[in-house]
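**Q** What follows is work.txt; its format and atoms are compact mmCIF, C-alpha atoms.
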# COMPACT_ATOMS: atom_id res chain seq x y z
CA MET A 83 116.15 88.93 89.56
CA ARG A 84 112.53 87.88 90.01
CA PRO A 85 109.88 90.48 90.85
CA ARG A 86 109.14 90.92 94.54
CA ARG A 87 105.72 89.47 95.41
CA VAL A 88 103.43 92.01 97.06
CA ALA A 89 100.15 91.55 98.94
CA VAL A 90 98.13 94.76 99.32
CA PHE A 91 95.60 94.78 102.17
CA GLY A 92 93.21 97.72 101.90
CA SER A 93 93.78 97.99 98.16
CA THR A 94 90.62 100.01 97.43
CA GLY A 95 91.40 102.84 99.88
CA SER A 96 93.35 105.98 98.95
CA VAL A 97 96.71 104.51 100.04
CA GLY A 98 96.01 101.13 98.46
CA ARG A 99 95.14 102.76 95.14
CA ALA A 100 98.34 104.81 95.29
CA VAL A 101 100.37 101.63 96.03
CA LEU A 102 99.00 99.98 92.90
CA ASP A 103 99.65 103.15 90.90
CA VAL A 104 103.31 103.05 91.96
CA ILE A 105 103.63 99.33 91.19
CA GLY A 106 102.04 99.88 87.77
CA ARG A 107 104.65 102.54 86.93
CA ILE A 108 107.64 100.28 87.71
CA PRO A 109 107.10 97.30 85.40
CA GLY A 110 108.98 94.10 86.14
CA ARG A 111 110.02 95.04 89.69
CA PHE A 112 106.93 93.88 91.61
CA GLU A 113 104.24 91.23 91.20
CA VAL A 114 100.90 91.69 92.98
CA THR A 115 100.02 88.24 94.31
CA ALA A 116 97.11 89.11 96.63
CA LEU A 117 94.61 91.88 97.23
CA ALA A 118 92.28 92.38 100.19
CA ALA A 119 89.55 94.91 100.93
CA ARG A 120 86.25 95.10 102.76
CA SER A 121 83.44 95.61 100.28
CA SER A 122 84.34 97.80 97.26
CA THR A 123 83.74 94.92 94.90
CA ARG A 124 83.70 96.77 91.58
CA LEU A 125 87.07 98.45 92.18
CA LEU A 126 88.57 95.33 93.74
CA ALA A 127 87.55 93.27 90.70
CA ALA A 128 89.06 95.86 88.35
CA GLN A 129 92.33 95.83 90.30
CA ALA A 130 92.45 92.03 90.25
CA ARG A 131 91.99 92.01 86.48
CA ARG A 132 94.51 94.75 85.76
CA PHE A 133 97.30 93.15 87.81
CA ARG A 134 96.23 89.53 87.13
CA VAL A 135 96.06 88.82 90.85
CA PRO A 136 95.47 85.13 91.68
CA LEU A 137 94.19 85.67 95.26
CA VAL A 138 91.53 88.18 96.29
CA ALA A 139 90.16 88.35 99.84
CA THR A 140 87.34 90.33 101.41
CA THR A 141 86.14 90.70 104.98
CA ASP A 142 82.49 91.03 103.90
CA MET A 143 80.61 87.81 102.98
CA ALA A 144 78.16 89.52 100.61
CA ALA A 145 81.06 91.22 98.82
CA CYS A 146 82.75 87.84 98.48
CA ARG A 147 79.70 86.44 96.70
CA ARG A 148 79.56 89.41 94.34
CA LEU A 149 83.27 89.10 93.56
CA ARG A 150 82.98 85.41 92.78
CA SER A 151 80.26 86.23 90.27
CA ALA A 152 82.16 89.16 88.77
CA LEU A 153 85.64 87.66 88.37
CA GLU A 154 86.69 85.20 85.72
CA PRO A 155 88.30 81.79 86.41
CA GLY A 156 91.89 82.18 87.53
CA HIS A 157 91.03 84.51 90.42
CA GLU A 158 90.44 82.73 93.73
CA VAL A 159 88.12 84.75 95.99
CA LEU A 160 88.26 84.13 99.75
CA TRP A 161 86.37 85.51 102.75
CA GLY A 162 87.19 86.17 106.41
CA ILE A 163 90.23 86.71 108.64
CA ASP A 164 91.82 83.28 108.08
CA PRO A 165 92.73 83.95 104.42
CA LEU A 166 94.33 87.23 105.48
CA LEU A 167 96.49 85.38 108.03
CA ASP A 168 97.40 82.72 105.45
CA ILE A 169 98.41 85.32 102.84
CA ALA A 170 100.37 87.44 105.33
CA GLY A 171 102.30 84.42 106.66
CA SER A 172 102.81 82.77 103.27
CA PRO A 173 106.32 82.19 101.85
CA ARG A 174 104.86 83.53 98.59
CA THR A 175 104.52 87.00 100.11
CA ASP A 176 107.73 89.04 100.04
CA ILE A 177 106.10 92.35 101.02
CA LEU A 178 102.86 92.98 102.88
CA VAL A 179 101.38 96.44 102.43
CA MET A 180 99.00 96.97 105.35
CA ALA A 181 96.61 99.80 104.49
CA MET A 182 93.38 98.48 106.06
CA SER A 183 91.67 101.08 108.22
CA GLY A 184 91.36 100.63 111.98
CA THR A 185 92.97 97.78 113.92
CA MET A 186 91.55 94.83 111.96
CA GLY A 187 94.98 94.27 110.42
CA ILE A 188 96.87 93.60 113.66
CA LEU A 189 96.85 89.78 113.43
CA PRO A 190 97.88 89.59 109.73
CA THR A 191 100.61 92.17 110.37
CA LEU A 192 101.98 90.14 113.29
CA ALA A 193 101.80 86.96 111.16
CA ALA A 194 103.90 88.61 108.44
CA LEU A 195 106.45 90.01 110.90
CA GLU A 196 106.76 86.69 112.74
CA ARG A 197 107.73 85.06 109.46
CA GLY A 198 110.30 87.79 108.72
CA THR A 199 108.28 89.31 105.87
CA GLN A 200 108.79 92.99 105.07
CA VAL A 201 105.77 95.05 106.14
CA CYS A 202 105.02 98.47 104.66
CA LEU A 203 102.67 99.87 107.29
CA ALA A 204 100.18 102.55 106.28
CA THR A 205 97.70 101.95 109.13
CA LYS A 206 98.81 104.34 111.85
CA GLU A 207 96.28 102.90 114.31
CA LEU A 208 98.34 99.70 114.52
CA LEU A 209 101.49 101.47 115.70
CA VAL A 210 99.49 103.65 118.08
CA ALA A 211 97.58 100.76 119.66
CA PHE A 212 100.02 97.84 119.29
CA GLY A 213 103.37 99.49 118.48
CA ASP A 214 105.41 97.78 121.21
CA HIS A 215 104.32 94.33 120.01
CA LEU A 216 104.96 95.12 116.34
CA THR A 217 108.44 96.50 116.86
CA ARG A 218 109.40 93.72 119.27
CA THR A 219 108.21 91.06 116.81
CA ALA A 220 110.10 92.71 113.94
CA ARG A 221 113.32 92.85 115.97
CA ARG A 222 112.98 89.22 116.99
CA SER A 223 112.45 87.94 113.42
CA GLY A 224 114.65 90.45 111.62
CA ALA A 225 111.71 91.68 109.53
CA ARG A 226 111.67 95.18 108.07
CA LEU A 227 108.85 97.35 109.39
CA LEU A 228 108.69 100.45 107.18
CA PRO A 229 106.26 103.36 107.61
CA VAL A 230 104.10 104.36 104.63
CA ASP A 231 103.59 107.86 105.98
CA SER A 232 105.20 111.04 104.70
CA GLU A 233 106.50 112.19 108.09
CA LEU A 234 107.64 108.85 109.53
CA CYS A 235 109.15 107.85 106.19
CA ALA A 236 111.04 111.17 106.24
CA ILE A 237 112.38 110.40 109.72
CA HIS A 238 113.49 106.98 108.50
CA GLN A 239 115.42 108.62 105.65
CA CYS A 240 116.98 111.26 107.91
CA ILE A 241 118.15 108.68 110.46
CA ARG A 242 119.78 106.71 107.61
CA ALA A 243 122.00 109.77 107.13
CA GLY A 244 123.43 109.28 110.63
CA ARG A 245 122.93 106.67 113.35
CA ALA A 246 119.92 106.12 115.55
CA THR A 247 122.09 106.28 118.68
CA GLU A 248 123.20 109.79 117.69
CA VAL A 249 119.70 111.29 117.41
CA ASN A 250 119.07 114.16 119.81
CA ARG A 251 115.62 115.35 118.73
CA VAL A 252 113.03 114.72 116.03
CA TYR A 253 110.77 117.39 114.58
CA LEU A 254 107.55 116.31 112.87
CA THR A 255 106.10 118.92 110.55
CA ALA A 256 102.37 119.59 110.45
CA SER A 257 100.53 121.50 107.74
CA GLY A 258 98.19 122.61 110.51
CA GLY A 259 95.09 121.93 108.43
CA PRO A 260 92.54 124.71 107.91
CA PHE A 261 92.55 126.01 111.52
CA TRP A 262 96.23 126.29 112.49
CA ARG A 263 96.12 130.07 112.91
CA SER A 264 92.84 130.29 114.81
CA GLY A 265 92.69 127.00 116.69
CA LEU A 266 89.66 124.73 116.71
CA PRO A 267 86.28 126.45 116.29
CA ARG A 268 83.46 125.06 118.40
CA ARG A 269 81.37 124.58 115.29
CA ALA A 270 82.64 124.10 111.76
CA ARG A 271 81.02 123.11 108.50
CA LEU A 272 82.01 119.65 107.37
CA ASP A 273 83.10 121.02 104.00
CA ASP A 274 85.48 123.46 105.73
CA VAL A 275 86.99 120.70 107.89
CA LEU A 276 87.57 118.49 104.84
CA ARG A 277 89.18 121.30 102.82
CA HIS A 278 92.83 120.43 103.49
CA PRO A 279 95.23 123.07 102.16
CA THR A 280 97.88 120.72 100.70
CA TRP A 281 97.03 116.99 100.89
CA LYS A 282 94.27 114.95 99.23
CA MET A 283 93.39 112.20 101.72
CA GLY A 284 90.48 110.13 103.00
CA ARG A 285 87.80 111.81 105.11
CA LYS A 286 88.86 110.36 108.46
CA ILE A 287 92.53 111.33 108.20
CA THR A 288 91.56 114.79 106.89
CA VAL A 289 89.46 115.37 110.02
CA ASP A 290 92.39 114.13 112.13
CA SER A 291 94.60 116.67 110.39
CA ALA A 292 92.14 119.47 111.17
CA THR A 293 91.99 118.54 114.89
CA MET A 294 95.78 117.91 114.91
CA MET A 295 95.11 114.42 116.29
CA ASN A 296 96.95 113.14 113.24
CA LYS A 297 100.13 114.80 114.49
CA GLY A 298 99.58 113.51 118.00
CA LEU A 299 99.25 109.97 116.63
CA GLU A 300 102.44 110.48 114.61
CA VAL A 301 104.33 111.51 117.76
CA ILE A 302 103.19 108.22 119.34
CA GLU A 303 104.18 106.28 116.20
CA THR A 304 107.60 107.93 116.10
CA CYS A 305 108.37 107.06 119.70
CA ARG A 306 107.26 103.44 119.20
CA LEU A 307 108.89 102.82 115.81
CA PHE A 308 112.24 104.49 116.52
CA GLY A 309 112.46 103.81 120.26
CA LEU A 310 112.57 107.49 121.26
CA ALA A 311 111.50 109.05 124.55
CA PRO A 312 108.43 111.34 124.23
CA GLY A 313 110.46 114.39 125.26
CA ARG A 314 112.68 114.00 122.19
CA VAL A 315 109.85 114.27 119.66
CA GLU A 316 107.88 117.40 118.93
CA ALA A 317 105.74 118.89 116.17
CA VAL A 318 106.06 122.23 114.40
CA ILE A 319 103.68 123.92 111.96
CA HIS A 320 104.96 124.01 108.38
CA PRO A 321 102.09 125.18 106.13
CA GLY A 322 103.91 124.45 102.87
CA SER A 323 104.13 120.67 103.51
CA LEU A 324 107.46 120.45 101.68
CA VAL A 325 109.68 119.59 104.67
CA HIS A 326 108.27 116.35 106.06
CA ALA A 327 110.55 115.86 109.08
CA LEU A 328 113.82 117.04 110.59
CA VAL A 329 116.24 115.08 112.76
CA GLU A 330 118.74 116.83 115.01
CA PHE A 331 121.85 114.81 115.84
CA ARG A 332 124.05 114.95 118.90
CA ASP A 333 126.48 117.44 117.34
CA GLY A 334 123.70 119.93 116.54
CA SER A 335 123.48 119.04 112.85
CA LEU A 336 119.95 119.09 111.48
CA VAL A 337 119.01 116.76 108.62
CA ALA A 338 115.72 117.39 106.79
CA GLN A 339 113.78 115.47 104.14
CA LEU A 340 112.03 117.59 101.50
CA SER A 341 109.80 116.49 98.64
CA ARG A 342 106.53 117.27 96.95
CA PRO A 343 103.44 116.45 99.05
CA ASP A 344 102.56 113.21 97.23
CA MET A 345 101.93 109.90 99.02
CA ARG A 346 103.46 107.96 96.12
CA LEU A 347 106.93 109.04 97.26
CA PRO A 348 106.90 107.36 100.71
CA ILE A 349 105.10 104.37 99.18
CA GLN A 350 107.80 103.93 96.55
CA TYR A 351 110.56 104.40 99.14
CA CYS A 352 109.14 101.59 101.29
CA LEU A 353 108.43 99.19 98.43
CA ALA A 354 111.87 99.56 96.82
CA PHE A 355 113.88 99.81 100.07
CA PRO A 356 116.87 99.76 100.34
CA ASP A 357 117.07 100.83 96.68
CA ARG A 358 115.90 104.12 95.23
CA VAL A 359 114.18 104.12 91.85
CA GLU A 360 113.05 106.92 89.57
CA SER A 361 109.80 108.48 90.72
CA PRO A 362 106.79 109.53 88.64
CA VAL A 363 106.34 112.51 90.96
CA GLY A 364 109.56 114.32 90.05
CA GLY A 365 111.86 116.49 92.11
CA LEU A 366 111.24 119.65 94.10
CA ASP A 367 112.14 123.05 92.61
CA LEU A 368 113.51 124.93 95.62
CA VAL A 369 113.44 128.31 93.87
CA GLN A 370 109.79 127.86 92.95
CA ALA A 371 109.05 126.56 96.46
CA GLY A 372 110.30 129.86 97.85
CA ARG A 373 110.18 130.54 101.57
CA LEU A 374 109.97 127.69 104.07
CA GLU A 375 107.94 128.78 107.12
CA PHE A 376 107.89 127.12 110.54
CA HIS A 377 105.73 128.06 113.52
CA ARG A 378 105.47 126.76 117.06
CA LEU A 379 102.46 124.68 117.98
CA VAL A 380 100.67 126.87 120.54
CA PRO A 381 99.98 124.86 123.74
CA GLY A 382 96.27 124.31 124.35
CA ARG A 383 95.19 125.38 120.88
CA PHE A 384 94.64 121.80 119.70
CA PRO A 385 93.20 119.65 122.51
CA CYS A 386 93.45 116.42 120.50
CA TYR A 387 97.22 116.84 120.14
CA ASP A 388 97.51 117.44 123.90
CA LEU A 389 95.38 114.34 124.64
CA ALA A 390 97.62 112.21 122.42
CA ARG A 391 100.80 113.38 124.16
CA ARG A 392 99.26 112.73 127.55
CA ALA A 393 98.20 109.22 126.54
CA LEU A 394 101.74 108.52 125.27
CA GLU A 395 103.16 109.41 128.68
CA GLN A 396 100.64 107.07 130.38
CA GLY A 397 101.46 104.02 128.27
CA PRO A 398 100.21 101.60 125.57
CA ALA A 399 96.80 100.93 127.13
CA TRP A 400 96.02 104.64 127.05
CA THR A 401 97.15 105.18 123.46
CA CYS A 402 95.02 102.19 122.46
CA ALA A 403 91.97 103.71 124.20
CA LEU A 404 92.74 107.15 122.74
CA ASN A 405 92.79 105.74 119.22
CA ALA A 406 89.50 103.84 119.72
CA ALA A 407 87.75 106.91 121.13
CA ASN A 408 89.03 109.08 118.29
CA GLN A 409 87.74 106.61 115.70
CA VAL A 410 84.25 106.80 117.20
CA ALA A 411 84.31 110.58 117.64
CA VAL A 412 85.41 111.29 114.07
CA GLU A 413 82.80 108.91 112.65
CA ALA A 414 80.15 110.62 114.80
CA PHE A 415 81.21 114.04 113.49
CA LEU A 416 81.18 112.86 109.87
CA ALA A 417 77.69 111.44 110.43
CA GLY A 418 76.48 114.74 111.93
CA ARG A 419 75.86 113.34 115.42
CA ILE A 420 78.33 115.59 117.26
CA ALA A 421 79.72 119.05 116.63
CA PHE A 422 83.35 119.57 115.66
CA ALA A 423 84.31 120.50 119.24
CA GLY A 424 82.66 117.25 120.34
CA ILE A 425 85.59 115.26 118.95
CA PRO A 426 88.13 116.17 121.68
CA ALA A 427 85.33 116.30 124.27
CA THR A 428 84.30 112.71 123.49
CA ILE A 429 87.91 111.45 123.61
CA ASP A 430 88.65 113.26 126.87
CA ALA A 431 85.47 111.97 128.54
CA THR A 432 86.23 108.40 127.39
CA LEU A 433 89.73 108.48 128.87
CA LYS A 434 88.49 110.01 132.12
CA SER A 435 85.82 107.33 132.39
CA LEU A 436 88.45 104.61 131.94
CA ALA A 437 90.69 106.27 134.51
CA GLY A 438 87.86 106.28 137.06
CA SER A 439 86.70 102.71 136.44
CA PRO A 440 87.45 99.94 138.96
CA ALA A 441 89.22 97.88 136.25
CA ARG A 442 92.58 99.68 136.10
CA LEU A 443 94.39 99.81 132.77
CA PRO A 444 97.52 97.60 132.83
CA SER A 445 100.98 99.08 132.25
CA ARG A 446 102.22 96.30 129.93
CA PRO A 447 99.16 94.76 128.23
CA GLY A 448 99.35 91.92 125.72
CA VAL A 449 97.61 91.98 122.35
CA ARG A 450 94.47 90.25 123.66
CA ARG A 451 94.23 92.70 126.57
CA LEU A 452 94.69 95.65 124.21
CA LEU A 453 91.84 94.38 122.04
CA GLU A 454 89.65 94.25 125.17
CA ILE A 455 90.67 97.81 126.08
CA GLU A 456 89.88 98.93 122.54
CA ALA A 457 86.40 97.37 122.83
CA ARG A 458 85.79 99.07 126.22
CA ALA A 459 86.88 102.48 124.94
CA THR A 460 84.80 102.08 121.78
CA ALA A 461 81.67 101.24 123.79
CA LEU A 462 82.20 104.20 126.12
CA ALA A 463 82.79 106.62 123.24
CA LEU A 464 79.73 105.33 121.37
CA GLY A 465 77.62 106.03 124.42
CA LEU A 466 79.01 109.54 124.75
CA ALA A 467 78.49 110.30 121.05
CA ALA A 468 75.00 108.80 120.85
CA THR A 469 73.11 112.02 121.68
CA PRO A 470 72.91 114.40 118.69
CA PRO A 471 74.22 117.90 119.42
CA ARG A 472 72.04 121.01 119.28
CA GLY A 473 72.44 122.58 115.89
CA GLY A 474 74.68 120.00 114.17
CA ASN A 475 77.82 120.40 112.08
CA ARG A 476 76.68 121.50 108.68
Could the structure of this file be written out as structure tokens, please?
**A**
Amino acid sequence: MRPRRVAVFGSTGSVGRAVLDVIGRIPGRFEVTALAARSSTRLLAAQARRFRVPLVATTDMAACRRLRSALEPGHEVLWGIDPLLDIAGSPRTDILVMAMSGTMGILPTLAALERGTQVCLATKELLVAFGDHLTRTARRSGARLLPVDSELCAIHQCIRAGRATEVNRVYLTASGGPFWRSGLPRRARLDDVLRHPTWKMGRKITVDSATMMNKGLEVIETCRLFGLAPGRVEAVIHPGSLVHALVEFRDGSLVAQLSRPDMRLPIQYCLAFPDRVESPVGGLDLVQAGRLEFHRLVPGRFPCYDLARRALEQGPAWTCALNAANQVAVEAFLAGRIAFAGIPATIDATLKSLAGSPARLPSRPGVRRLLEIEARATALALGLAATPPRGGNR
């Protein structure tokens, strides 16, 4: 059996690096045929050399020039969105790993799904903003759309134990981040926000975990990916991060997925699906794990989570705008332009501004319309976050 040919978009980010780590530990099973990133040229060149990747693409022209100078003959270096579309829709790509941040990857992801190519999706913004289109395209072509996310991957595994039509309720577990007992402080040091108790992640997703927006986005993703009504999905606090999701079936049976908190596990599950292969992470010692605690998510304690649930009820245009506003607000906090409490305030004000504008948000927008809504929400949020707060974050 020939190795499955994998294209990794966003290969220099934390998820992309973990994907290549997994592939490197399972020799002979996968072949990396293309890599794409924005501008981390030194790391991208090293990855291309290590895995002998023939095609390397970047979305930054200056980075493309540097890569062409750095890489030896045998590596073709391309620039722009067109190469990404060509790679994603190529018959030489068996699996597309989409780990590019933001919504830049929507068109390549659709191109892969339209061709029937398996997509391992690590970019939660795509399901939040364009989930209906992705799932519809996957159903139409018969493509596999698998979530590279510990919680959604856990749901996928739990549902495999029964049948999707028999699911009664889904529970997403949340570590709660550093503030789950106290709720969000108005001001917090950046170092405290980025000090996640169990996971090592990128800065943006770590902030999302602290505000609990990450869990709100996962509720949206779960409803879109598995076709569930919002009332059948809820989150609970599980500080240990060992139980990643639970699915309750019609007969009252509860199926849970437990594993160590390591992103390489869901990555490997998606790459090797439907097979299971030996993992470098190892199993979970239940005796050593000890007590498994669960706590209710107190209503009103995490405004970002509440905003996400409200946007889900209002429809795709609102979840698209929510995601865009959150991107801007988190970047503004990381840059020191707004206080920690300014993140939910900026998102809420953006959504209220859209709700009061003469141009009403459509109930069933197409991809082009969603991109326009994303641009509108981004512009509004940038305006709201432009004035530095008194005092700052640090």
**Q** So that I can see what lies close to Asp344 in chain A, please list as a list of chain:residue names the residues with an atom at most 8 Å from it, counting all atoms listed in the file and leaving out residues fewer than 2 positions away in the same chain.
**A** A:Trp281, A:Arg342, A:Arg346, A:Leu347, A:Val363
**Q** Quick one: pull the distance between CA of Cys352 in chain A and CA of Pro229 in chain A, Å, one decimal.
**A**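 Calculated distance between CA of Cys352 in chain A and CA of Pro229 in chain A is 7.2 Å.
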**Q** Kindly give the distance, in Å, that separates CA of Asp164 in chain A and CA of Ala193 in chain A, rounded to a single decimal.
**A** 11.1 Å
**Q** Looking at A:Leu208, A:Ala270, A:Val318, A:Leu340, which one is nearest to Phe415 in chain A, with distances taken over all atoms listed in the file?
**A**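 Among the listed residues, A:Ala270 lies closest to Phe415 in chain A.
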**Q** Just give me the residues with any atom within 6 Å of (101.3, 93.9, 106.8), file coordinates, counting only C-alpha atoms, written as a count of residues only.
**A** 5
